>>> print(open('run20.cif').read())   # mmCIF, C-alpha atoms and all ligand atoms
data_target
#
loop_
_atom_site.label_atom_id
_atom_site.label_comp_id
_atom_site.auth_asym_id
_atom_site.auth_seq_id
_atom_site.Cartn_x
_atom_site.Cartn_y
_atom_site.Cartn_z
CA MET A 1 13.12 0.94 12.57
CA GLY A 2 10.37 0.31 15.10
CA GLY A 3 10.37 -2.85 17.12
CA SER A 4 11.94 -1.38 20.23
CA SER A 5 9.84 -0.82 23.30
CA SER A 6 10.29 2.92 23.00
CA SER A 7 8.76 3.06 19.54
CA GLU A 8 5.79 1.00 20.72
CA GLN A 9 5.06 3.74 23.18
CA VAL A 10 4.79 6.14 20.24
CA GLU A 11 2.40 3.84 18.43
CA GLU A 12 -0.06 4.09 21.28
CA THR A 13 -0.43 7.86 21.03
CA GLU A 14 -2.87 9.66 18.73
CA THR A 15 -0.18 10.13 16.13
CA PRO A 16 1.54 6.89 15.24
CA SER A 17 4.80 8.10 13.92
CA PHE A 18 7.49 7.21 11.45
CA PHE A 19 9.92 8.48 14.07
CA THR A 20 11.34 6.53 16.98
CA GLN A 21 10.90 7.96 20.46
CA GLU A 22 14.55 8.93 20.41
CA GLU A 23 14.12 10.91 17.18
CA LEU A 24 11.01 12.58 18.54
CA ASN A 25 12.90 13.68 21.64
CA LYS A 26 15.65 15.12 19.49
CA LEU A 27 13.12 16.96 17.31
CA LYS A 28 11.55 18.45 20.38
CA SER A 29 14.78 19.67 21.92
CA ASP A 30 16.09 20.94 18.58
CA PHE A 31 12.90 22.89 18.04
CA GLU A 32 13.02 24.38 21.51
CA THR A 33 16.58 25.56 21.10
CA GLY A 34 16.75 26.44 17.39
CA GLY A 35 13.23 26.57 15.93
CA LEU A 36 12.27 25.18 12.55
CA GLU A 37 15.68 25.72 10.98
CA LYS A 38 17.23 23.36 13.45
CA VAL A 39 14.79 20.50 12.92
CA LYS A 40 15.10 20.57 9.14
CA PRO A 41 18.06 18.21 8.77
CA LEU A 42 16.35 15.44 10.72
CA ILE A 43 13.10 15.91 8.81
CA GLN A 44 14.95 15.92 5.50
CA LYS A 45 16.73 12.72 6.45
CA LYS A 46 13.47 11.11 7.52
CA ILE A 47 11.79 11.92 4.21
CA THR A 48 14.77 10.54 2.31
CA ASP A 49 14.74 7.38 4.42
CA LEU A 50 11.00 6.91 3.97
CA ASP A 51 11.50 7.31 0.22
CA LYS A 52 14.13 4.61 0.25
CA THR A 53 12.13 2.10 2.30
CA GLU A 54 11.79 -1.16 0.44
CA LEU A 55 9.17 -3.82 0.75
CA ASN A 56 9.90 -7.20 -0.81
CA ILE A 57 7.09 -9.70 -0.83
CA ALA A 58 7.76 -13.27 -1.91
CA VAL A 59 4.97 -15.18 -3.61
CA THR A 60 5.49 -18.91 -3.82
CA GLY A 61 3.58 -22.15 -4.38
CA GLU A 62 3.17 -24.72 -7.10
CA SER A 63 3.09 -23.76 -10.75
CA GLY A 64 -0.40 -22.88 -11.98
CA THR A 65 -1.78 -21.92 -8.56
CA GLY A 66 -2.17 -18.28 -9.59
CA LYS A 67 1.01 -16.61 -8.34
CA SER A 68 1.45 -14.34 -11.35
CA THR A 69 -2.22 -13.40 -11.40
CA PHE A 70 -2.12 -12.57 -7.68
CA ILE A 71 0.96 -10.39 -8.13
CA ASN A 72 -0.79 -8.52 -10.91
CA ALA A 73 -3.90 -8.01 -8.80
CA MET A 74 -1.82 -6.60 -5.95
CA ARG A 75 -0.29 -4.14 -8.41
CA GLY A 76 -3.71 -3.10 -9.70
CA LEU A 77 -3.15 -4.85 -13.01
CA ARG A 78 -5.05 -7.35 -15.07
CA ASN A 79 -3.05 -10.18 -16.63
CA THR A 80 -3.38 -8.54 -20.05
CA ASP A 81 -2.20 -5.07 -18.99
CA PRO A 82 1.19 -3.73 -20.06
CA GLY A 83 3.84 -4.58 -17.49
CA ALA A 84 1.82 -7.46 -16.03
CA ALA A 85 3.49 -10.73 -15.01
CA LYS A 86 2.73 -13.33 -17.70
CA SER A 87 0.10 -15.76 -16.50
CA GLY A 88 -0.57 -19.28 -17.65
CA THR A 89 3.03 -19.81 -18.70
CA ILE A 90 5.19 -22.73 -17.66
CA GLU A 91 7.90 -21.49 -15.34
CA THR A 92 11.33 -22.04 -16.77
CA THR A 93 13.48 -19.80 -14.59
CA LYS A 94 15.02 -20.92 -11.35
CA GLU A 95 15.39 -17.34 -10.16
CA PRO A 96 12.78 -15.19 -8.46
CA ILE A 97 11.48 -12.45 -10.75
CA GLY A 98 10.75 -9.12 -9.12
CA TYR A 99 7.77 -7.03 -10.20
CA SER A 100 7.76 -3.45 -8.99
CA HIS A 101 4.65 -1.57 -8.10
CA PRO A 102 3.82 0.69 -11.07
CA THR A 103 4.07 3.97 -9.16
CA LEU A 104 6.03 3.03 -6.02
CA PRO A 105 8.90 0.96 -7.41
CA ASN A 106 10.41 0.16 -4.00
CA VAL A 107 7.48 -2.15 -3.38
CA ARG A 108 8.32 -5.36 -5.15
CA TYR A 109 6.40 -8.60 -5.49
CA TRP A 110 8.64 -11.55 -6.24
CA ASP A 111 7.39 -14.42 -8.35
CA LEU A 112 9.28 -17.42 -7.00
CA PRO A 113 9.90 -20.61 -9.01
CA GLY A 114 7.29 -23.31 -8.40
CA ILE A 115 7.82 -25.74 -5.53
CA GLY A 116 6.06 -28.70 -7.10
CA SER A 117 8.79 -31.24 -7.73
CA PRO A 118 8.87 -34.39 -5.56
CA GLU A 119 12.52 -33.82 -4.64
CA PHE A 120 11.71 -30.33 -3.30
CA GLN A 121 13.77 -29.36 -0.26
CA ALA A 122 12.51 -26.35 1.63
CA ALA A 123 15.81 -25.40 3.26
CA ARG A 124 17.78 -25.50 0.02
CA TYR A 125 15.05 -23.69 -1.87
CA LEU A 126 14.97 -20.82 0.63
CA THR A 127 18.74 -20.47 0.58
CA GLU A 128 18.71 -20.37 -3.22
CA MET A 129 15.95 -17.76 -3.16
CA LYS A 130 18.09 -15.64 -0.81
CA PHE A 131 15.20 -15.59 1.62
CA LYS A 132 16.65 -12.87 3.87
CA ARG A 133 15.73 -10.08 1.49
CA PHE A 134 12.00 -10.81 1.73
CA ASP A 135 9.79 -9.14 4.30
CA PHE A 136 7.34 -12.04 4.24
CA PHE A 137 6.13 -14.98 2.17
CA ILE A 138 2.79 -15.70 0.63
CA ILE A 139 2.23 -19.40 -0.05
CA ILE A 140 -0.46 -19.88 -2.67
CA SER A 141 -2.32 -23.09 -3.32
CA THR A 142 -5.45 -24.21 -5.10
CA PHE A 143 -7.65 -26.91 -3.60
CA ARG A 144 -5.49 -28.43 -0.85
CA PHE A 145 -2.20 -27.37 0.63
CA LYS A 146 0.38 -30.03 -0.15
CA GLU A 147 3.32 -31.52 1.68
CA ASN A 148 5.71 -29.08 -0.01
CA ASP A 149 3.63 -26.06 1.06
CA LEU A 150 3.76 -27.28 4.66
CA ASN A 151 7.47 -28.01 4.68
CA LEU A 152 8.10 -24.62 3.19
CA ALA A 153 5.96 -22.88 5.81
CA LYS A 154 7.75 -24.64 8.65
CA GLU A 155 11.15 -23.74 7.26
CA ILE A 156 10.15 -20.09 6.74
CA LYS A 157 9.04 -19.97 10.34
CA ARG A 158 12.23 -21.62 11.55
CA LEU A 159 14.22 -18.94 9.73
CA GLY A 160 12.30 -16.27 11.62
CA LYS A 161 10.17 -15.00 8.74
CA LYS A 162 6.41 -14.71 8.41
CA PHE A 163 4.26 -16.59 5.96
CA TYR A 164 0.61 -16.41 4.93
CA PHE A 165 -1.45 -19.20 3.41
CA VAL A 166 -3.55 -18.11 0.47
CA ARG A 167 -6.06 -20.41 -1.11
CA SER A 168 -6.61 -19.03 -4.61
CA LYS A 169 -9.26 -19.43 -7.34
CA ILE A 170 -12.07 -19.59 -4.80
CA ASP A 171 -14.38 -18.28 -7.53
CA VAL A 172 -13.80 -21.55 -9.40
CA ASP A 173 -14.90 -23.61 -6.38
CA LEU A 174 -18.09 -21.61 -6.03
CA ASP A 175 -18.82 -21.87 -9.76
CA SER A 176 -18.47 -25.66 -9.66
CA MET A 177 -20.78 -25.86 -6.67
CA ARG A 178 -23.37 -23.72 -8.41
CA LYS A 179 -23.30 -26.12 -11.35
CA GLU A 180 -23.74 -29.07 -8.99
CA LYS A 181 -26.28 -27.74 -6.55
CA LYS A 182 -28.06 -24.76 -8.08
CA VAL A 183 -28.58 -23.11 -4.68
CA VAL A 184 -25.35 -22.35 -2.89
CA ASN A 185 -24.93 -20.56 0.41
CA GLU A 186 -21.66 -18.80 -0.30
CA GLU A 187 -20.81 -17.96 3.30
CA GLU A 188 -21.38 -21.54 4.42
CA GLU A 189 -19.39 -23.08 1.61
CA LEU A 190 -16.47 -20.72 2.17
CA GLU A 191 -16.49 -21.56 5.86
CA LYS A 192 -16.38 -25.27 5.01
CA ILE A 193 -13.37 -24.77 2.76
CA ARG A 194 -11.68 -22.64 5.37
CA ILE A 195 -12.22 -25.20 8.12
CA ASP A 196 -10.99 -27.98 5.86
CA CYS A 197 -7.77 -26.08 5.07
CA VAL A 198 -7.15 -25.10 8.68
CA THR A 199 -7.78 -28.59 10.03
CA ARG A 200 -5.39 -30.17 7.56
CA LEU A 201 -2.67 -27.65 8.25
CA ALA A 202 -3.11 -28.01 12.02
CA ALA A 203 -2.92 -31.80 11.71
CA LYS A 204 0.39 -31.43 9.89
CA GLY A 205 1.93 -29.37 12.65
CA ILE A 206 1.06 -25.76 11.79
CA PRO A 207 -0.74 -24.52 14.89
CA ASP A 208 -3.57 -21.99 14.45
CA PRO A 209 -3.02 -21.28 10.77
CA THR A 210 -4.89 -18.47 9.06
CA VAL A 211 -5.97 -19.21 5.52
CA PHE A 212 -7.15 -16.48 3.18
CA LEU A 213 -9.59 -17.56 0.47
CA ILE A 214 -9.23 -15.31 -2.53
CA SER A 215 -9.94 -14.83 -6.19
CA SER A 216 -7.39 -12.63 -7.91
CA PHE A 217 -10.06 -11.81 -10.49
CA GLU A 218 -12.26 -10.34 -7.76
CA PRO A 219 -9.91 -8.52 -5.42
CA ASP A 220 -12.80 -6.66 -3.80
CA HIS A 221 -14.44 -9.96 -2.78
CA PHE A 222 -13.82 -12.89 -0.46
CA ASP A 223 -10.70 -12.57 1.75
CA PHE A 224 -8.58 -10.41 -0.52
CA ILE A 225 -9.07 -7.26 1.54
CA ARG A 226 -8.77 -9.21 4.81
CA LEU A 227 -5.46 -10.58 3.58
CA ASN A 228 -4.21 -7.06 2.91
CA GLU A 229 -5.32 -5.98 6.36
CA GLY A 230 -3.50 -8.93 7.87
CA LEU A 231 -0.27 -8.11 6.05
CA GLU A 232 -0.58 -4.45 6.98
CA GLY A 233 -1.18 -5.27 10.63
CA ASP A 234 2.04 -7.26 10.91
CA LEU A 235 4.32 -4.55 9.51
CA ASN A 236 6.02 -1.81 11.50
CA ASN A 237 4.98 1.81 10.92
CA VAL A 238 7.63 2.55 8.32
CA LYS A 239 6.90 -0.54 6.19
CA LYS A 240 3.16 -0.28 6.77
CA ARG A 241 3.30 3.19 5.27
CA ILE A 242 4.67 2.03 1.95
CA PHE A 243 2.53 -1.13 1.86
CA VAL A 244 -0.72 0.83 2.28
CA LEU A 245 0.30 3.54 -0.18
CA ALA A 246 0.99 0.81 -2.75
CA LEU A 247 -2.39 -0.89 -2.37
CA PRO A 248 -4.76 -0.66 -5.30
CA ASN A 249 -7.83 1.38 -4.35
CA LEU A 250 -10.14 -1.57 -3.77
CA SER A 251 -12.46 0.20 -1.37
CA VAL A 252 -13.17 3.60 0.10
CA GLU A 253 -11.50 2.33 3.28
CA VAL A 254 -8.22 1.92 1.42
CA VAL A 255 -8.48 5.51 0.17
CA GLN A 256 -9.12 6.67 3.75
CA LYS A 257 -6.12 4.74 5.02
CA LYS A 258 -3.91 6.34 2.42
CA ASN A 259 -5.26 9.73 3.45
CA LYS A 260 -4.37 9.14 7.10
CA ILE A 261 -0.84 8.17 6.20
CA LEU A 262 -0.28 11.03 3.76
CA LYS A 263 -1.63 13.48 6.32
CA LYS A 264 1.29 12.64 8.54
CA HIS A 265 3.65 13.95 5.86
CA ILE A 266 2.18 17.43 5.69
CA TRP A 267 3.98 18.96 8.64
CA MET A 268 7.25 17.46 7.44
CA PHE A 269 6.92 19.03 4.00
CA ALA A 270 5.83 22.30 5.61
CA THR A 271 8.87 22.30 7.85
CA LEU A 272 11.13 22.12 4.81
CA SER A 273 9.29 24.79 2.86
CA GLY A 274 10.87 27.92 4.29
CA GLY A 275 14.43 29.13 4.12
CA LEU A 276 16.58 29.32 1.02
CA GLY A 277 14.20 27.71 -1.46
CA ALA A 278 11.34 30.02 -0.53
CA VAL A 279 10.05 32.44 -3.14
CA PRO A 280 6.84 34.47 -3.20
CA PHE A 281 3.97 32.30 -4.27
CA PRO A 282 2.10 33.80 -7.22
CA GLY A 283 -1.05 35.47 -6.02
CA PHE A 284 0.15 35.61 -2.43
CA SER A 285 2.26 37.93 -0.47
CA LEU A 286 3.85 34.99 1.28
CA ALA A 287 6.89 33.04 0.28
CA CYS A 288 7.16 29.29 0.25
CA ASP A 289 9.13 26.65 -1.55
CA ILE A 290 7.06 25.91 -4.63
CA GLY A 291 9.18 22.89 -5.51
CA ILE A 292 8.35 21.22 -2.22
CA LEU A 293 4.70 22.16 -2.46
CA ILE A 294 4.25 20.82 -5.97
CA GLY A 295 6.38 17.77 -5.28
CA ALA A 296 4.12 16.91 -2.34
CA ILE A 297 0.91 17.36 -4.31
CA VAL A 298 2.17 15.25 -7.20
CA TYR A 299 3.13 12.56 -4.68
CA PHE A 300 -0.32 12.65 -3.02
CA ARG A 301 -1.98 12.40 -6.43
CA LYS A 302 0.11 9.39 -7.37
CA CYS A 303 -0.45 7.58 -4.07
CA LEU A 304 -4.20 8.14 -4.37
CA ASP A 305 -4.15 6.61 -7.87
CA LEU A 306 -5.18 9.86 -9.54
CA ASP A 307 -2.27 10.17 -11.94
CA ASP A 308 -2.83 9.35 -15.59
CA ALA A 309 -1.36 5.86 -15.57
CA SER A 310 -3.16 4.82 -12.37
CA LEU A 311 -6.47 6.10 -13.74
CA GLN A 312 -5.94 4.04 -16.86
CA ARG A 313 -5.27 0.91 -14.77
CA LEU A 314 -8.38 1.56 -12.70
CA ALA A 315 -10.42 2.03 -15.87
CA ASN A 316 -9.10 -1.29 -17.20
CA ARG A 317 -10.01 -3.10 -13.99
CA ALA A 318 -13.46 -1.55 -13.96
CA GLY A 319 -14.03 -2.16 -17.67
CA LYS A 320 -14.95 1.48 -18.25
CA PRO A 321 -13.45 4.09 -20.56
CA VAL A 322 -10.88 6.20 -18.74
CA GLU A 323 -12.65 9.34 -20.00
CA LYS A 324 -15.62 8.43 -17.85
CA LEU A 325 -13.43 8.45 -14.74
CA LYS A 326 -11.67 11.63 -15.79
CA ALA A 327 -15.01 13.39 -16.24
CA THR A 328 -15.41 13.38 -12.45
CA ILE A 329 -12.09 15.14 -11.92
CA LYS A 330 -11.47 18.88 -12.11
CA ALA A 331 -9.40 19.64 -15.19
CA PRO A 332 -6.37 21.33 -13.56
CA LEU A 333 -5.85 18.17 -11.53
CA LEU A 334 -5.23 16.07 -14.61
CA GLY A 335 -2.47 18.16 -16.06
CA GLU A 336 0.88 19.38 -14.92
CA MET A 337 0.85 20.67 -11.37
CA THR A 338 1.79 24.36 -11.41
CA PRO A 339 1.21 27.30 -9.06
CA ASP A 340 -1.52 28.36 -11.45
CA ALA A 341 -3.21 24.95 -11.24
CA ILE A 342 -3.04 25.11 -7.44
CA MET A 343 -4.77 28.49 -7.52
CA ARG A 344 -7.41 27.30 -9.96
CA LEU A 345 -8.12 24.29 -7.76
CA GLY A 346 -8.83 26.69 -4.94
CA TRP A 347 -6.31 25.16 -2.56
CA GLY A 348 -4.55 28.46 -2.04
CA ALA A 349 -7.70 30.31 -1.02
CA ALA A 350 -7.55 32.16 2.23
CA ALA A 351 -10.71 30.31 3.14
CA VAL A 352 -8.55 27.29 3.74
CA THR A 353 -8.72 27.03 7.46
CA VAL A 354 -7.15 24.32 9.47
CA SER A 355 -8.72 24.06 12.86
CA ALA A 356 -6.34 24.54 15.76
CA LEU A 357 -7.42 21.16 17.10
CA GLU A 358 -6.75 19.30 13.88
CA PHE A 359 -3.48 21.10 13.68
CA ALA A 360 -2.51 20.37 17.25
CA LEU A 361 -3.16 16.65 16.88
CA ASP A 362 -0.33 16.41 14.43
CA PHE A 363 2.16 18.07 16.71
CA VAL A 364 1.36 17.72 20.35
CA PRO A 365 3.93 15.02 21.05
CA VAL A 366 6.75 16.88 19.37
CA LEU A 367 6.46 20.49 18.43
CA GLY A 368 3.95 22.06 20.77
CA SER A 369 4.30 25.67 19.77
CA ILE A 370 4.92 25.29 16.06
CA PHE A 371 1.67 27.07 15.31
CA GLY A 372 3.50 30.33 15.61
CA ALA A 373 6.18 29.21 13.19
CA GLY A 374 7.03 31.06 9.99
CA SER A 375 4.44 32.02 7.43
CA SER A 376 5.94 29.71 4.85
CA PHE A 377 5.34 26.77 7.14
CA LEU A 378 1.76 27.76 7.77
CA MET A 379 0.97 28.40 4.15
CA THR A 380 2.43 25.12 2.96
CA TYR A 381 0.61 23.34 5.74
CA LYS A 382 -2.72 24.86 4.77
CA ILE A 383 -2.38 24.34 1.04
CA LEU A 384 -1.28 20.73 1.45
CA SER A 385 -4.10 20.02 3.89
CA ALA A 386 -6.63 21.43 1.45
CA ALA A 387 -5.06 19.55 -1.46
CA LEU A 388 -5.01 16.21 0.36
CA LYS A 389 -8.60 16.55 1.50
CA ASP A 390 -9.74 17.38 -2.02
CA LEU A 391 -7.68 14.62 -3.66
CA THR A 392 -9.03 12.07 -1.17
CA ASP A 393 -12.63 13.07 -1.90
CA ILE A 394 -11.96 12.87 -5.61
CA ALA A 395 -10.31 9.46 -5.29
CA GLY A 396 -13.42 8.22 -3.47
CA ARG A 397 -15.69 9.64 -6.16
CA VAL A 398 -13.63 8.11 -8.94
CA MET A 399 -13.92 4.72 -7.22
CA LYS A 400 -17.69 5.05 -7.08
CA VAL A 401 -17.90 5.92 -10.76
CA ALA A 402 -15.54 3.08 -11.65
CA PHE A 403 -17.41 0.36 -9.81
CA GLU A 404 -21.03 1.49 -9.88
CA THR A 405 -23.16 -0.65 -12.11
CA ASP A 406 -24.40 1.16 -15.17
N1 LIG A 501 -10.79 -18.30 -11.91
C1 LIG A 501 -9.58 -17.95 -11.49
N2 LIG A 501 -8.52 -18.21 -12.27
C2 LIG A 501 -7.29 -17.86 -11.83
C3 LIG A 501 -7.10 -17.19 -10.60
N3 LIG A 501 -5.78 -16.98 -10.45
C4 LIG A 501 -5.19 -17.46 -11.54
N4 LIG A 501 -6.09 -18.00 -12.39
C5 LIG A 501 -5.82 -18.63 -13.69
O1 LIG A 501 -5.02 -19.78 -13.44
C6 LIG A 501 -4.03 -19.94 -14.44
C7 LIG A 501 -2.64 -19.95 -13.82
O2 LIG A 501 -2.40 -18.70 -13.21
P1 LIG A 501 -0.94 -18.08 -13.06
O3 LIG A 501 -1.12 -16.79 -12.38
O4 LIG A 501 -0.22 -18.11 -14.33
O5 LIG A 501 -0.29 -19.15 -12.05
P2 LIG A 501 1.26 -19.35 -11.66
O6 LIG A 501 1.80 -20.41 -12.54
O7 LIG A 501 1.23 -19.77 -10.23
O8 LIG A 501 1.93 -18.04 -11.86
C8 LIG A 501 -4.21 -18.78 -15.40
O9 LIG A 501 -4.97 -19.24 -16.49
C9 LIG A 501 -5.00 -17.76 -14.62
O10 LIG A 501 -5.84 -16.98 -15.43
C10 LIG A 501 -8.26 -16.92 -9.78
O11 LIG A 501 -8.19 -16.38 -8.68
N5 LIG A 501 -9.47 -17.32 -10.28
MG MG A 502 3.57 -17.59 -13.04
#
>>> encode(input="run20.cif", output="structure tokens", more="lines below")
Ligand SMILES: Nc1nc2c(ncn2[C@@H]2O[C@H](COP(=O)(O)OP(=O)(O)O)[C@@H](O)[C@H]2O)c(=O)[nH]1
Ligand SMILES: [Mg+2]
Amino acid sequence: MGGSSSSEQVEETETPSFFTQEELNKLKSDFETGGLEKVKPLIQKKITDLDKTELNIAVTGESGTGKSTFINAMRGLRNTDPGAAKSGTIETTKEPIGYSHPTLPNVRYWDLPGIGSPEFQAARYLTEMKFKRFDFFIIISTFRFKENDLNLAKEIKRLGKKFYFVRSKIDVDLDSMRKEKKVVNEEEELEKIRIDCVTRLAAKGIPDPTVFLISSFEPDHFDFIRLNEGLEGDLNNVKKRIFVLALPNLSVEVVQKKNKILKKHIWMFATLSGGLGAVPFPGFSLACDIGILIGAIVYFRKCLDLDDASLQRLANRAGKPVEKLKATIKAPLLGEMTPDAIMRLGWGAAAVTVSALEFALDFVPVLGSIFGAGSSFLMTYKILSAALKDLTDIAGRVMKVAFETD
């Protein structure tokens, strides 16, 4: 998946794709010779593969540095929420413990046993952890990175994996300074800590290290978002997709990123919507596969954190009653997604127009003339476009309500 020079070529076009150049070529020729019916199998396979994509993120460091709390924050959870990794406990296991993302279970954060003991051996540790299964490592430390952190980083690099240094509990540092000095220039102090970390790491043989200063209690502050952007930037298109969709909505930018990624799914779902599964859509003369349509909308809702459980987690993080968040959402969106709900939400309205340009952008590289494709395709495309736009706007509004100060 990705990585080859041909797929890089795809990444440079307007539509970064989950397909390799080879797959795109095949789609194009299949469409030219056999129309939509012929491209279905490849699209179906792609959707299945995307669904199966796993992301395994290892979180390591000494005991007490905030690994569990960080894992919870990445999953949009507070330490006290149901399903959260237990914080403040002495680690007794020697095995990594995997914590799945609450709505996208193929994204797993692994809490690795602490690396604090004096007889720590990086090579043996990584073998015991079965390092190959991890996409990358996050090495967390408080105050200064220690010998063990450095040895571990070097060994991870030698084994051909990526690592990221995270300096946690930065809120504690700033609090102590405020008690000492009264007036604290936050930017300056953070820069001092950053330079100190980087210099030490460089002196110990890690050239040009990047250190992210974070507080897991304030994931919308300090370097938390920058860290996520860094991780995202290093992943290929297929893994990036799942990583971004699994991010907690920490900012409107995250919501927008999710929107861009989900948008790329619309034509795929639309392609699958005709044929055998198609039945007349209530209130329309046109047929389309309602199962696919509803499945897609439910998926969009979940990825944008608008399902019941995600809303509850957001309410917990924001310290607001979930009812307050729900009050900003149209009622049919909160319940079961049915053809009737889709109608009531107005997504089926004929007024739903997708501009030819917007439409073309999604297809130009592959399926130039798909615009004239079957009515089921077009209808699914339009309804899903309207739904995604609406859900994205709502997700943004919910964020504002959650984090605005009363
Ligand atoms: N102030 C502050 N406390 C933190 C942060 N991260 C973790 N803690 C606290 O540090 C303690 C140890 O955290 P934990 O996540 O259990 O560390 P682990 O042993 O590495 O898993 C707990 O009491 C957490 O509440 C942080 O970013 N800021
Ligand atoms: Mg822990």
>>> atom_distance(input="run20.cif", atom1="atom CA of A:Glu54", atom2="atom CA of A:Ile242")
7.9 Å
>>> residues_near_ligand(input="run20.cif", ligand="ligand MG 502 (chain A)", cutoff="8 Å", atoms="only C-alpha atoms and all ligand atoms", output="list of chain:residue names")
A:Ser63, A:Gly64, A:Gly66, A:Lys67, A:Ser68, A:Thr69, A:Ala85, A:Lys86, A:Ser87, A:Gly88, A:Thr89, A:Ile90, A:Glu91, A:Asp111
>>> closest_residue(input="run20.cif", among="A:Val184, A:Leu391, A:Ile170, A:Leu201", to="A:Asn148", atoms="all atoms listed in the file")
A:Leu201
>>> residues_near_point(input="run20.cif", point="(-15.3, 7.0, -16.6)", cutoff="12 Å", atoms="only C-alpha atoms", output="ChimeraX atom specification")
/A:311-329,397-406
>>> residues_near_point(input="run20.cif", point="(4.5, -13.2, 3.3)", cutoff="9 Å", atoms="only C-alpha atoms", output="list in words")
Ile57, Ala58, Val59, Phe134, Asp135, Phe136, Phe137, Ile138, Ile139, Lys161, Lys162, Phe163, Tyr164, Phe165 and Leu231 of chain A
>>> atom_distance(input="run20.cif", atom1="atom CA of A:Asp220", atom2="atom CA of A:Val107")
20.8 Å
>>> closest_residue(input="run20.cif", among="A:Val183, A:Ile394, A:Ile156, A:Leu213", to="ligand LIG 501 (chain A)", atoms="only C-alpha atoms and all ligand atoms")
A:Leu213
>>> axis_aligned_box(input="run20.cif", around="ligand LIG 501 (chain A)", padding_each_side="8 Å", output="JSON")
{"center_x": -4.4, "center_y": -18.4, "center_z": -12.6, "size_x": 28.7, "size_y": 20.0, "size_z": 23.8}
>>> atom_distance(input="run20.cif", atom1="atom CA of A:Leu306", atom2="atom CA of A:Gly335")
10.9 Å
